[in-house]
$ cat structure-v9.tsv   # TSV, C-alpha atoms and all ligand atoms
chain	number	residue	atom	x	y	z
A	1234	MET	CA	116.53	130.92	89.30
A	1235	ALA	CA	117.95	132.07	85.99
A	1236	ASN	CA	120.65	129.98	84.37
A	1237	ARG	CA	120.73	127.43	87.18
A	1238	VAL	CA	122.68	124.35	86.07
A	1239	ARG	CA	120.64	121.21	86.63
A	1240	ALA	CA	121.99	117.64	86.52
A	1241	LYS	CA	120.59	114.58	84.80
A	1242	ILE	CA	121.24	110.86	84.68
A	1243	SER	CA	122.47	110.39	81.11
A	1244	ALA	CA	123.22	106.64	81.17
A	1245	LEU	CA	122.74	103.55	83.32
A	1246	GLY	CA	124.60	100.25	83.55
A	1247	THR	CA	124.25	97.32	85.96
A	1248	TYR	CA	126.04	94.11	86.72
A	1249	VAL	CA	125.38	91.02	88.84
A	1250	PRO	CA	127.72	88.06	89.11
A	1251	PRO	CA	126.51	85.02	87.16
A	1252	ARG	CA	126.40	82.53	90.06
A	1253	LEU	CA	122.93	81.99	91.55
A	1254	LEU	CA	122.05	81.18	95.15
A	1255	THR	CA	118.46	79.96	95.07
A	1256	ASN	CA	116.03	79.35	97.90
A	1257	ALA	CA	116.44	75.62	97.21
A	1258	ASP	CA	120.20	76.02	97.77
A	1259	LEU	CA	119.55	77.79	101.10
A	1260	GLU	CA	117.17	75.03	102.19
A	1261	LYS	CA	120.22	72.75	102.13
A	1262	MET	CA	122.37	75.19	104.13
A	1263	VAL	CA	120.08	76.38	106.99
A	1264	ASP	CA	116.77	75.47	108.60
A	1265	THR	CA	114.50	77.39	106.24
A	1266	SER	CA	112.06	76.80	103.41
A	1267	SER	CA	111.54	78.46	100.06
A	1268	ASP	CA	107.91	79.07	101.03
A	1269	TRP	CA	108.98	80.95	104.19
A	1270	ILE	CA	111.50	83.06	102.29
A	1271	ILE	CA	109.05	83.95	99.51
A	1272	SER	CA	106.16	84.73	101.84
A	1273	ARG	CA	108.22	86.77	104.36
A	1274	THR	CA	110.59	88.54	101.91
A	1275	GLY	CA	109.52	87.99	98.28
A	1276	ILE	CA	112.99	86.67	97.37
A	1277	ARG	CA	113.41	83.62	95.11
A	1278	GLN	CA	117.10	83.86	94.26
A	1279	ARG	CA	120.13	86.10	94.58
A	1280	HIS	CA	123.40	86.38	92.65
A	1281	ILE	CA	126.61	85.94	94.58
A	1282	VAL	CA	130.27	86.30	93.65
A	1283	ASP	CA	132.91	83.63	93.36
A	1284	LYS	CA	135.93	83.87	95.62
A	1285	GLY	CA	138.25	86.69	94.55
A	1286	VAL	CA	135.51	88.90	93.13
A	1287	ALA	CA	134.91	92.11	95.09
A	1288	ALA	CA	132.80	95.29	95.07
A	1289	SER	CA	135.24	97.09	92.73
A	1290	HIS	CA	134.93	94.32	90.13
A	1291	LEU	CA	131.14	94.56	90.04
A	1292	ALA	CA	131.40	98.36	90.02
A	1293	VAL	CA	133.78	98.38	87.04
A	1294	GLU	CA	131.51	96.08	85.00
A	1295	ALA	CA	128.47	98.27	85.72
A	1296	ALA	CA	130.45	101.44	84.97
A	1297	LYS	CA	131.70	100.07	81.63
A	1298	LYS	CA	128.10	99.43	80.58
A	1299	ALA	CA	127.02	102.95	81.59
A	1300	LEU	CA	129.94	104.51	79.69
A	1301	ALA	CA	129.19	102.37	76.62
A	1302	GLU	CA	125.53	103.35	76.73
A	1303	ARG	CA	126.51	107.04	76.83
A	1304	GLY	CA	129.19	106.48	74.19
A	1305	ILE	CA	131.98	108.13	76.15
A	1306	SER	CA	135.38	106.98	77.28
A	1307	ALA	CA	136.49	106.64	80.91
A	1308	THR	CA	139.06	109.38	80.36
A	1309	GLU	CA	136.19	111.89	80.11
A	1310	ILE	CA	135.01	111.15	83.67
A	1311	GLU	CA	135.99	113.83	86.20
A	1312	ALA	CA	134.83	112.25	89.47
A	1313	ILE	CA	133.74	108.84	90.75
A	1314	PHE	CA	131.56	108.38	93.84
A	1315	VAL	CA	130.95	104.83	95.03
A	1316	GLY	CA	128.25	103.93	97.57
A	1317	THR	CA	129.35	100.75	99.31
A	1318	VAL	CA	129.58	99.13	102.74
A	1319	THR	CA	131.55	96.18	101.41
A	1320	PRO	CA	134.63	97.88	99.95
A	1321	ASP	CA	137.37	95.57	98.66
A	1322	MET	CA	139.36	96.62	101.73
A	1323	MET	CA	139.43	99.37	104.36
A	1324	PHE	CA	141.64	101.44	102.10
A	1325	PRO	CA	142.33	102.44	99.38
A	1326	SER	CA	138.74	103.31	98.57
A	1327	THR	CA	136.75	101.36	96.02
A	1328	ALA	CA	136.57	104.59	93.99
A	1329	CYS	CA	140.38	104.54	93.64
A	1330	LEU	CA	140.37	100.91	92.51
A	1331	VAL	CA	137.61	101.62	90.00
A	1332	GLN	CA	139.41	104.74	88.72
A	1333	ASP	CA	142.53	102.69	88.02
A	1334	ARG	CA	140.82	99.68	86.46
A	1335	LEU	CA	138.53	101.78	84.29
A	1336	GLY	CA	141.43	103.94	83.13
A	1337	ALA	CA	139.61	107.07	84.29
A	1338	LYS	CA	142.87	109.01	84.43
A	1339	GLY	CA	141.29	112.42	84.94
A	1340	ALA	CA	138.96	111.43	87.79
A	1341	TRP	CA	139.16	111.88	91.55
A	1342	GLY	CA	136.67	110.28	93.92
A	1343	PHE	CA	135.77	108.60	97.16
A	1344	ASP	CA	133.46	106.05	98.75
A	1345	ILE	CA	130.22	106.86	100.53
A	1346	SER	CA	129.11	104.68	103.43
A	1347	ALA	CA	125.35	104.84	103.78
A	1348	ALA	CA	124.49	101.13	103.46
A	1349	CYS	CA	121.23	100.63	101.56
A	1350	SER	CA	120.98	104.40	101.00
A	1351	GLY	CA	124.47	104.35	99.45
A	1352	PHE	CA	123.30	104.82	95.88
A	1353	VAL	CA	120.93	107.71	96.57
A	1354	TYR	CA	123.52	109.47	98.77
A	1355	ALA	CA	126.20	109.00	96.09
A	1356	LEU	CA	123.75	110.16	93.42
A	1357	GLN	CA	123.11	113.36	95.31
A	1358	THR	CA	126.83	113.94	95.74
A	1359	GLY	CA	127.33	113.58	91.99
A	1360	VAL	CA	124.35	115.81	91.22
A	1361	LYS	CA	125.67	118.58	93.46
A	1362	PHE	CA	129.12	118.55	91.85
A	1363	VAL	CA	127.47	118.92	88.43
A	1364	GLU	CA	124.96	121.56	89.58
A	1365	SER	CA	127.78	123.61	91.11
A	1366	GLY	CA	129.51	123.72	87.74
A	1367	ALA	CA	132.58	121.97	89.15
A	1368	HIS	CA	132.20	118.91	86.90
A	1369	LYS	CA	130.49	117.99	83.64
A	1370	LYS	CA	130.79	114.18	83.74
A	1371	VAL	CA	130.53	112.25	86.99
A	1372	LEU	CA	130.22	108.53	87.55
A	1373	VAL	CA	128.02	107.43	90.45
A	1374	ILE	CA	128.09	103.79	91.47
A	1375	GLY	CA	126.35	101.60	94.04
A	1376	SER	CA	128.14	98.30	94.56
A	1377	ASP	CA	127.98	95.72	97.31
A	1378	VAL	CA	129.18	92.19	97.87
A	1379	MET	CA	127.02	91.38	100.85
A	1380	SER	CA	127.92	87.69	100.60
A	1381	SER	CA	131.34	88.71	102.01
A	1382	VAL	CA	129.80	89.82	105.34
A	1383	ILE	CA	126.96	87.33	105.74
A	1384	ASP	CA	126.94	84.40	108.13
A	1385	TYR	CA	125.58	81.54	106.01
A	1386	THR	CA	124.58	79.67	109.18
A	1387	ASP	CA	122.27	82.52	110.31
A	1388	ARG	CA	118.92	81.94	108.61
A	1389	ALA	CA	117.57	85.34	109.67
A	1390	THR	CA	120.11	87.24	107.52
A	1391	CYS	CA	121.53	84.86	104.92
A	1392	VAL	CA	118.28	84.53	102.99
A	1393	ILE	CA	117.95	88.27	102.42
A	1394	PHE	CA	121.11	89.52	100.77
A	1395	GLY	CA	122.72	89.25	97.33
A	1396	ASP	CA	125.55	90.88	95.39
A	1397	GLY	CA	125.22	93.47	92.61
A	1398	ALA	CA	126.09	96.89	91.28
A	1399	GLY	CA	124.76	99.74	89.20
A	1400	ALA	CA	126.34	102.85	87.75
A	1401	VAL	CA	125.01	106.07	86.26
A	1402	VAL	CA	126.63	108.96	84.42
A	1403	ILE	CA	125.62	112.42	85.68
A	1404	GLU	CA	125.87	115.43	83.36
A	1405	PRO	CA	124.39	118.91	83.02
A	1406	ALA	CA	120.76	118.75	81.85
A	1407	THR	CA	119.84	120.19	78.48
A	1408	ASP	CA	116.04	120.17	78.90
A	1409	ASP	CA	113.40	119.72	81.63
A	1410	ASN	CA	114.46	116.15	82.44
A	1411	TYR	CA	116.75	116.46	85.46
A	1412	CYS	CA	117.20	115.60	89.13
A	1413	ILE	CA	114.65	117.83	90.81
A	1414	ASP	CA	115.22	117.52	94.55
A	1415	TYR	CA	116.30	115.15	97.31
A	1416	LEU	CA	115.58	114.59	100.99
A	1417	HIS	CA	118.02	112.57	103.05
A	1418	GLU	CA	117.80	111.95	106.80
A	1419	VAL	CA	119.92	110.14	109.35
A	1420	ASP	CA	118.81	108.70	112.70
A	1421	GLY	CA	122.02	107.45	114.27
A	1422	SER	CA	120.15	106.03	117.25
A	1423	GLY	CA	119.24	103.13	114.95
A	1424	GLY	CA	122.88	102.09	114.56
A	1425	CYS	CA	122.42	99.21	116.98
A	1426	SER	CA	119.68	97.61	114.83
A	1427	LEU	CA	121.86	96.81	111.82
A	1428	TYR	CA	125.63	96.76	111.97
A	1429	MET	CA	128.87	94.88	111.51
A	1430	PRO	CA	130.86	95.25	114.73
A	1431	GLY	CA	134.20	93.70	113.75
A	1432	GLY	CA	137.07	94.84	111.58
A	1433	GLY	CA	136.89	98.57	112.32
A	1434	SER	CA	138.91	100.66	114.77
A	1435	LEU	CA	136.62	99.73	117.69
A	1436	ASN	CA	137.04	95.97	117.29
A	1437	PRO	CA	140.07	95.42	115.06
A	1438	SER	CA	140.09	91.98	113.43
A	1439	SER	CA	141.48	89.31	115.71
A	1440	HIS	CA	140.93	85.62	116.39
A	1441	GLU	CA	138.47	86.73	119.06
A	1442	THR	CA	136.39	88.94	116.72
A	1443	VAL	CA	136.24	86.10	114.21
A	1444	ASP	CA	135.31	83.52	116.88
A	1445	LYS	CA	132.52	85.85	118.03
A	1446	LYS	CA	131.34	86.29	114.41
A	1447	MET	CA	131.78	90.05	114.66
A	1448	HIS	CA	132.77	90.24	110.98
A	1449	TYR	CA	129.20	89.41	109.95
A	1450	VAL	CA	126.01	91.48	109.62
A	1451	HIS	CA	124.04	91.67	112.88
A	1452	GLN	CA	120.43	92.68	112.54
A	1453	ASP	CA	117.25	93.24	114.53
A	1454	GLY	CA	115.01	92.46	111.57
A	1455	GLY	CA	111.78	93.62	113.22
A	1456	ALA	CA	113.21	97.03	114.18
A	1457	VAL	CA	114.60	97.58	110.68
A	1458	PHE	CA	111.30	96.51	109.15
A	1459	LYS	CA	109.25	98.98	111.21
A	1460	TYR	CA	111.66	101.85	110.64
A	1461	ALA	CA	111.76	101.22	106.90
A	1462	VAL	CA	107.99	101.05	106.45
A	1463	ARG	CA	107.42	104.29	108.34
A	1464	ASN	CA	110.33	106.33	107.04
A	1465	MET	CA	110.47	105.45	103.33
A	1466	ALA	CA	106.86	106.60	102.99
A	1467	GLU	CA	107.29	109.66	105.20
A	1468	VAL	CA	110.36	111.02	103.45
A	1469	SER	CA	108.78	110.37	100.05
A	1470	GLU	CA	105.62	112.24	101.00
A	1471	LYS	CA	107.60	115.21	102.31
A	1472	LEU	CA	109.77	115.37	99.18
A	1473	LEU	CA	106.80	115.20	96.82
A	1474	ALA	CA	104.80	117.78	98.77
A	1475	ARG	CA	107.57	120.37	98.91
A	1476	ASN	CA	107.91	120.12	95.12
A	1477	GLY	CA	104.18	120.50	94.53
A	1478	PHE	CA	103.54	116.87	93.55
A	1479	LYS	CA	101.08	114.27	94.80
A	1480	PRO	CA	101.87	110.54	94.90
A	1481	SER	CA	99.46	110.06	91.99
A	1482	ASP	CA	101.76	112.26	89.85
A	1483	VAL	CA	104.61	109.76	90.20
A	1484	ASN	CA	105.12	107.52	87.17
A	1485	LEU	CA	107.43	105.18	89.03
A	1486	LEU	CA	108.50	104.60	92.62
A	1487	VAL	CA	111.88	102.87	92.60
A	1488	PRO	CA	112.32	101.73	96.19
A	1489	HIS	CA	115.28	100.06	97.83
A	1490	GLN	CA	114.59	96.33	97.56
A	1491	ALA	CA	114.90	95.12	101.18
A	1492	ASN	CA	111.73	93.12	101.55
A	1493	ARG	CA	108.67	92.87	99.31
A	1494	ARG	CA	106.43	93.54	102.32
A	1495	ILE	CA	108.30	96.78	103.12
A	1496	ILE	CA	107.82	97.93	99.51
A	1497	THR	CA	104.11	97.10	99.34
A	1498	ALA	CA	103.48	98.72	102.75
A	1499	THR	CA	105.31	101.87	101.57
A	1500	ALA	CA	103.33	101.92	98.32
A	1501	GLU	CA	100.08	101.46	100.25
A	1502	ARG	CA	100.90	104.31	102.60
A	1503	LEU	CA	101.55	106.54	99.59
A	1504	GLY	CA	98.37	105.32	97.89
A	1505	LEU	CA	100.27	104.09	94.82
A	1506	LYS	CA	98.93	101.57	92.33
A	1507	ASP	CA	100.93	98.40	91.54
A	1508	GLU	CA	101.96	99.74	88.13
A	1509	GLN	CA	103.58	102.78	89.79
A	1510	VAL	CA	106.08	100.61	91.68
A	1511	ILE	CA	108.99	98.48	90.48
A	1512	ILE	CA	109.79	95.31	92.43
A	1513	ASN	CA	112.61	92.97	91.39
A	1514	ILE	CA	113.63	91.61	94.80
A	1515	ASP	CA	112.54	88.14	93.67
A	1516	GLU	CA	115.48	88.03	91.23
A	1517	PHE	CA	118.27	89.75	93.16
A	1518	GLY	CA	117.46	89.89	96.91
A	1519	ASN	CA	118.79	92.89	98.81
A	1520	THR	CA	121.98	94.03	97.08
A	1521	THR	CA	122.31	97.05	99.42
A	1522	ALA	CA	123.70	99.97	97.34
A	1523	GLY	CA	122.99	98.01	94.15
A	1524	THR	CA	119.21	97.70	94.48
A	1525	ILE	CA	118.05	101.05	93.12
A	1526	PRO	CA	120.08	101.06	89.88
A	1527	LEU	CA	119.20	97.38	89.38
A	1528	ALA	CA	115.52	98.24	89.84
A	1529	LEU	CA	115.81	101.18	87.42
A	1530	ASP	CA	117.32	98.79	84.87
A	1531	SER	CA	114.55	96.22	85.40
A	1532	ALA	CA	111.95	98.96	84.95
A	1533	ARG	CA	113.59	100.04	81.74
A	1534	GLN	CA	113.73	96.49	80.40
A	1535	GLN	CA	110.04	96.03	81.24
A	1536	GLY	CA	109.16	99.23	79.36
A	1537	LYS	CA	108.06	100.93	82.61
A	1538	LEU	CA	110.56	103.79	82.46
A	1539	LYS	CA	110.44	106.43	79.74
A	1540	LYS	CA	112.13	109.74	79.14
A	1541	GLY	CA	110.25	112.47	81.01
A	1542	ASP	CA	108.74	110.14	83.60
A	1543	LEU	CA	108.54	111.47	87.16
A	1544	VAL	CA	110.61	109.00	89.17
A	1545	LEU	CA	110.86	108.76	92.95
A	1546	LEU	CA	113.79	106.86	94.46
A	1547	ALA	CA	113.46	105.89	98.14
A	1548	SER	CA	115.67	104.00	100.53
A	1549	VAL	CA	116.29	103.09	104.15
A	1550	GLY	CA	119.50	101.51	105.35
A	1551	ALA	CA	121.77	100.85	108.28
A	1552	GLY	CA	122.52	103.97	110.26
A	1553	PHE	CA	119.61	104.49	110.05
A	1554	THR	CA	119.96	106.34	106.77
A	1555	THR	CA	116.91	107.39	104.81
A	1556	GLY	CA	117.03	108.81	101.32
A	1557	ALA	CA	114.66	110.01	98.64
A	1558	ALA	CA	115.32	111.60	95.28
A	1559	LEU	CA	112.88	113.02	92.75
A	1560	LEU	CA	113.80	113.27	89.10
A	1561	ARG	CA	112.54	113.33	85.56
A	1562	TRP	CA	114.07	110.38	83.74
A	1563	ALA	CA	116.41	111.67	81.06
A	1564	CYS	CA	117.81	108.74	79.12
B	1	LIG	C1	114.28	89.53	108.63
B	1	LIG	C2	112.80	89.42	108.29
B	1	LIG	C3	112.62	88.86	106.90
B	1	LIG	C4	112.15	88.49	109.29
B	1	LIG	O1	110.79	88.35	108.99
B	1	LIG	P1	109.69	88.40	110.12
B	1	LIG	O2	108.40	88.10	109.50
B	1	LIG	O3	109.87	89.71	110.83
B	1	LIG	O4	110.12	87.20	111.01
B	1	LIG	P2	110.52	87.21	112.55
B	1	LIG	O5	111.87	87.83	112.70
B	1	LIG	O6	109.39	87.78	113.33
B	1	LIG	O7	110.61	85.68	112.81
B	1	LIG	C5	109.48	84.86	112.78
B	1	LIG	C6	109.94	83.44	112.94
B	1	LIG	O8	110.59	83.04	111.73
B	1	LIG	C7	111.87	82.49	112.04
B	1	LIG	N1	112.77	82.75	110.94
B	1	LIG	C8	113.64	83.75	110.78
B	1	LIG	N2	114.29	83.61	109.63
B	1	LIG	C9	113.84	82.46	109.06
B	1	LIG	C10	114.13	81.77	107.88
B	1	LIG	N3	115.04	82.22	106.99
B	1	LIG	N4	113.46	80.65	107.62
B	1	LIG	C11	112.54	80.17	108.44
B	1	LIG	N5	112.23	80.77	109.60
B	1	LIG	C12	112.86	81.91	109.89
B	1	LIG	C13	112.28	83.19	113.31
B	1	LIG	O9	113.26	82.44	113.99
B	1	LIG	C14	110.98	83.27	114.06
B	1	LIG	O10	110.74	82.00	114.67
B	1	LIG	P3	110.10	81.95	116.13
B	1	LIG	O11	108.76	82.59	115.99
B	1	LIG	O12	110.07	80.49	116.38
B	1	LIG	O13	111.04	82.71	117.00
B	1	LIG	C15	112.10	90.80	108.37
B	1	LIG	O14	112.06	91.24	109.70
B	1	LIG	C16	112.79	91.84	107.56
B	1	LIG	O15	112.83	91.76	106.34
B	1	LIG	N6	113.31	92.89	108.20
B	1	LIG	C17	114.02	93.94	107.51
B	1	LIG	C18	115.41	93.49	107.24
B	1	LIG	C19	116.07	94.32	106.19
B	1	LIG	O16	115.46	94.78	105.28
B	1	LIG	N7	117.38	94.50	106.31
B	1	LIG	C20	118.14	95.23	105.39
B	1	LIG	C21	118.06	96.66	105.71
B	1	LIG	S1	117.79	97.69	104.42
$ encode --input "structure-v9.tsv" --output "structure tokens"
Amino acid sequence: MANRVRAKISALGTYVPPRLLTNADLEKMVDTSSDWIISRTGIRQRHIVDKGVAASHLAVEAAKKALAERGISATEIEAIFVGTVTPDMMFPSTACLVQDRLGAKGAWGFDISAACSGFVYALQTGVKFVESGAHKKVLVIGSDVMSSVIDYTDRATCVIFGDGAGAVVIEPATDDNYCIDYLHEVDGSGGCSLYMPGGGSLNPSSHETVDKKMHYVHQDGGAVFKYAVRNMAEVSEKLLARNGFKPSDVNLLVPHQANRRIITATAERLGLKDEQVIINIDEFGNTTAGTIPLALDSARQQGKLKKGDLVLLASVGAGFTTGAALLRWAC
């Protein structure tokens, strides 16, 4: 297609709160062991916020780093899309809070609720607004404070999650390094496997919802595990094939970091070698919408991500939401 505007990621910034919650800390809180956590999930530690720190705060820190890397001011940003399931509050949106605190006076925006697929869904939203010609500088953020919705007496969930955020700037591409294609799918029948029942319009917050722990994450870990292993690989294969690529063409798979075993099973199904996959779940746990930008940043720091590399992002999250994006790394 002649003159088609394509969109690229032109800068990346990430942020995690400084406080660590290690496996040894969790051993003192619930009936678990570091060995169990490492062998079943691959996680050694996670970062969690102090009281009073919310998703917008992490998002702003990540965004500032992305803007600094690109060398632009917040006033140049035209739209802000934030993937999060732990917004500061029901409304206003986290995007509005970020817009104000960043001083992005010319930007509009909104939040995207897709759980662990939040970053890839927000990315695609940003890409489409740039490809359409509507905007030239968009900020896409994934930010979650999962520690705000986790029951730290439930060993099956509290060992998994951490807090973190990542932000990217999306702009029109100037060469062949751009976001190539995406494939997102939803299977709403999986909603009952991973959800937070309290605090919404169905079960408004009350003493009863709190007593019943409805304001915490509820999860059927086995069901999520099976769905993730099957669908992250399937959607990735479909996306690669329809763009004429084979898994062996991929320089780097950047998967949502939910469980090391889910990632290695996905990589095995795709026939990928270890060096084609980035895993940093040991350091951060599952930061929901934060995992993919945090993993991109880790890859970059380890020298595993170079301009022109074919990068495949893949995620599965509550919903169920599945997402995959294929791009040539551009910064
Ligand atoms: C949650 C998860 C780590 C559990 O691992 P698992 O190997 O499936 O473990 P199971 O749920 O089968 O439990 C096995 C045993 O370990 C126990 N167990 C669960 N959590 C434990 C913990 N933190 N420490 C020690 N034992 C634990 C269970 O109670 C169970 O004991 P039992 O056999 O006596 O009943 C795994 O299912 C998972 O990662 N699922 C995906 C979750 C996810 O990614 N969610 C985010 C969505 S993107």
$ residues_near_ligand --input "structure-v9.tsv" --ligand "ligand LIG 1 (chain B)" --cutoff "6 Å" --atoms "only C-alpha atoms and all ligand atoms" --output "PyMOL selection string"
chain A and resi 1265-1266+1269-1270+1273-1274+1349+1388-1389+1392+1454-1455+1457-1458+1491-1492+1549-1550
$ residues_around --input "structure-v9.tsv" --residues "region 1364-1375 of chain A" --least-positions-apart "4" --cutoff "8 Å" --atoms "all atoms listed in the file" --output "short mmCIF file (atom, residue, chain, number, x, y, z; two decimals) with C-alpha atoms, in the coordinates of the input"
data_model
loop_
_atom_site.label_atom_id
_atom_site.label_comp_id
_atom_site.auth_asym_id
_atom_site.auth_seq_id
_atom_site.Cartn_x
_atom_site.Cartn_y
_atom_site.Cartn_z
CA ARG A 1237 120.73 127.43 87.18
CA VAL A 1238 122.68 124.35 86.07
CA ARG A 1239 120.64 121.21 86.63
CA ALA A 1240 121.99 117.64 86.52
CA ALA A 1292 131.40 98.36 90.02
CA ALA A 1295 128.47 98.27 85.72
CA ALA A 1296 130.45 101.44 84.97
CA GLU A 1309 136.19 111.89 80.11
CA ILE A 1310 135.01 111.15 83.67
CA GLU A 1311 135.99 113.83 86.20
CA ALA A 1312 134.83 112.25 89.47
CA ILE A 1313 133.74 108.84 90.75
CA PHE A 1314 131.56 108.38 93.84
CA VAL A 1315 130.95 104.83 95.03
CA GLY A 1316 128.25 103.93 97.57
CA THR A 1317 129.35 100.75 99.31
CA GLY A 1351 124.47 104.35 99.45
CA PHE A 1352 123.30 104.82 95.88
CA ALA A 1355 126.20 109.00 96.09
CA LEU A 1356 123.75 110.16 93.42
CA GLY A 1359 127.33 113.58 91.99
CA VAL A 1360 124.35 115.81 91.22
CA ALA A 1398 126.09 96.89 91.28
CA GLY A 1399 124.76 99.74 89.20
CA ALA A 1400 126.34 102.85 87.75
CA VAL A 1401 125.01 106.07 86.26
CA VAL A 1402 126.63 108.96 84.42
CA ILE A 1403 125.62 112.42 85.68
CA GLU A 1404 125.87 115.43 83.36
CA PRO A 1405 124.39 118.91 83.02
CA ALA A 1522 123.70 99.97 97.34
CA GLY A 1523 122.99 98.01 94.15
CA PRO A 1526 120.08 101.06 89.88
#
$ atom_distance --input "structure-v9.tsv" --atom1 "CA of Ile1496 (chain A)" --atom2 "CA of Ile1512 (chain A)"
7.8 Å
$ closest_residue --input "structure-v9.tsv" --among "A:Lys1506, A:Lys1540, A:His1280, A:Arg1463" --to "Asp1377 (chain A)" --atoms "all atoms listed in the file"
A:His1280
$ atom_distance --input "structure-v9.tsv" --atom1 "CA of Val1487 (chain A)" --atom2 "CA of Leu1503 (chain A)"
13.0 Å
$ residues_around --input "structure-v9.tsv" --residues "Leu1546 (chain A)" --least-positions-apart "5" --cutoff "8 Å" --atoms "only C-alpha atoms" --output "list in words"
Val1353, Leu1486, Val1487, Pro1488, His1489, Ile1525, Gly1556, Ala1557, Ala1558 and Leu1559 of chain A
$ closest_residue --input "structure-v9.tsv" --among "A:Lys1261, A:Asp1283, A:Ala1461, A:Cys1391" --to "Ser1426 (chain A)" --atoms "all atoms listed in the file"
A:Ala1461
$ atom_distance --input "structure-v9.tsv" --atom1 "CA of Gly1431 (chain A)" --atom2 "CA of Asp1444 (chain A)"
10.7 Å
$ closest_residue --input "structure-v9.tsv" --among "A:Asp1333, A:Asp1387, A:Glu1467, A:Glu1260" --to "Thr1308 (chain A)" --atoms "all atoms listed in the file"
A:Asp1333
$ closest_residue --input "structure-v9.tsv" --among "A:Ala1551, A:Val1462, A:Ala1500, A:Leu1505" --to "Ala1348 (chain A)" --atoms "only C-alpha atoms"
A:Ala1551
$ residues_around --input "structure-v9.tsv" --residues "Glu1418 (chain A)" --least-positions-apart "2" --cutoff "9 Å" --atoms "all atoms listed in the file" --output "list in words"
Leu1416, Asp1420, Val1468, Phe1553, Thr1554, Thr1555, Gly1556 and Ala1557 of chain A
$ closest_residue --input "structure-v9.tsv" --among "A:Leu1291, A:Ile1393, A:Met1379, A:Leu1543" --to "Gln1278 (chain A)" --atoms "only C-alpha atoms"
A:Ile1393
$ closest_residue --input "structure-v9.tsv" --among "A:Val1510, A:Leu1253, A:Cys1425, A:Val1378" --to "Thr1319 (chain A)" --atoms "only C-alpha atoms"
A:Val1378
$ residues_around --input "structure-v9.tsv" --residues "Leu1527 (chain A)" --least-positions-apart "3" --cutoff "9 Å" --atoms "all atoms listed in the file" --output "number ranges by chain"
A: 1246-1249, 1397-1399, 1513, 1517, 1520, 1523-1524, 1530-1532
$ axis_aligned_box --input "structure-v9.tsv" --around "region 1241-1250 of chain A" --padding-each-side "6 Å" --output "lines of an AutoDock Vina configuration file"
center_x = 124.2
center_y = 101.3
center_z = 85.1
size_x = 19.1
size_y = 38.5
size_z = 20.0
$ residues_around --input "structure-v9.tsv" --residues "Tyr1428 (chain A)" --least-positions-apart "5" --cutoff "9 Å" --atoms "all atoms listed in the file" --output "ChimeraX atom specification"
/A:1449-1452,1551-1552
$ build_atoms --input "structure-v9.tsv" --residues "region 1526-1537 of chain A" --atoms "N, CA and C atoms" --output "mmCIF file, keeping the file's coordinate frame"
data_model
loop_
_atom_site.group_PDB
_atom_site.id
_atom_site.type_symbol
_atom_site.label_atom_id
_atom_site.label_comp_id
_atom_site.auth_asym_id
_atom_site.auth_seq_id
_atom_site.Cartn_x
_atom_site.Cartn_y
_atom_site.Cartn_z
ATOM 1 N N PRO A 1526 119.763 101.123 91.321
ATOM 2 C CA PRO A 1526 120.080 101.060 89.880
ATOM 3 C C PRO A 1526 119.626 99.757 89.234
ATOM 4 N N LEU A 1527 119.687 98.645 89.959
ATOM 5 C CA LEU A 1527 119.200 97.380 89.380
ATOM 6 C C LEU A 1527 117.696 97.459 89.121
ATOM 7 N N ALA A 1528 116.969 98.112 90.022
ATOM 8 C CA ALA A 1528 115.520 98.240 89.840
ATOM 9 C C ALA A 1528 115.203 99.199 88.691
ATOM 10 N N LEU A 1529 116.004 100.265 88.555
ATOM 11 C CA LEU A 1529 115.810 101.180 87.420
ATOM 12 C C LEU A 1529 116.010 100.421 86.099
ATOM 13 N N ASP A 1530 117.030 99.569 86.078
ATOM 14 C CA ASP A 1530 117.320 98.790 84.870
ATOM 15 C C ASP A 1530 116.188 97.815 84.562
ATOM 16 N N SER A 1531 115.675 97.141 85.611
ATOM 17 C CA SER A 1531 114.550 96.220 85.400
ATOM 18 C C SER A 1531 113.354 96.987 84.832
ATOM 19 N N ALA A 1532 113.095 98.167 85.404
ATOM 20 C CA ALA A 1532 111.950 98.960 84.950
ATOM 21 C C ALA A 1532 112.108 99.319 83.472
ATOM 22 N N ARG A 1533 113.320 99.684 83.133
ATOM 23 C CA ARG A 1533 113.590 100.040 81.740
ATOM 24 C C ARG A 1533 113.363 98.855 80.815
ATOM 25 N N GLN A 1534 113.889 97.691 81.234
ATOM 26 C CA GLN A 1534 113.730 96.490 80.400
ATOM 27 C C GLN A 1534 112.268 96.088 80.254
ATOM 28 N N GLN A 1535 111.463 96.383 81.297
ATOM 29 C CA GLN A 1535 110.040 96.030 81.240
ATOM 30 C C GLN A 1535 109.199 97.111 80.551
ATOM 31 N N GLY A 1536 109.871 98.143 80.039
ATOM 32 C CA GLY A 1536 109.160 99.230 79.360
ATOM 33 C C GLY A 1536 108.386 100.125 80.310
ATOM 34 N N LYS A 1537 108.789 100.129 81.615
ATOM 35 C CA LYS A 1537 108.060 100.930 82.610
ATOM 36 C C LYS A 1537 108.726 102.267 82.886
#
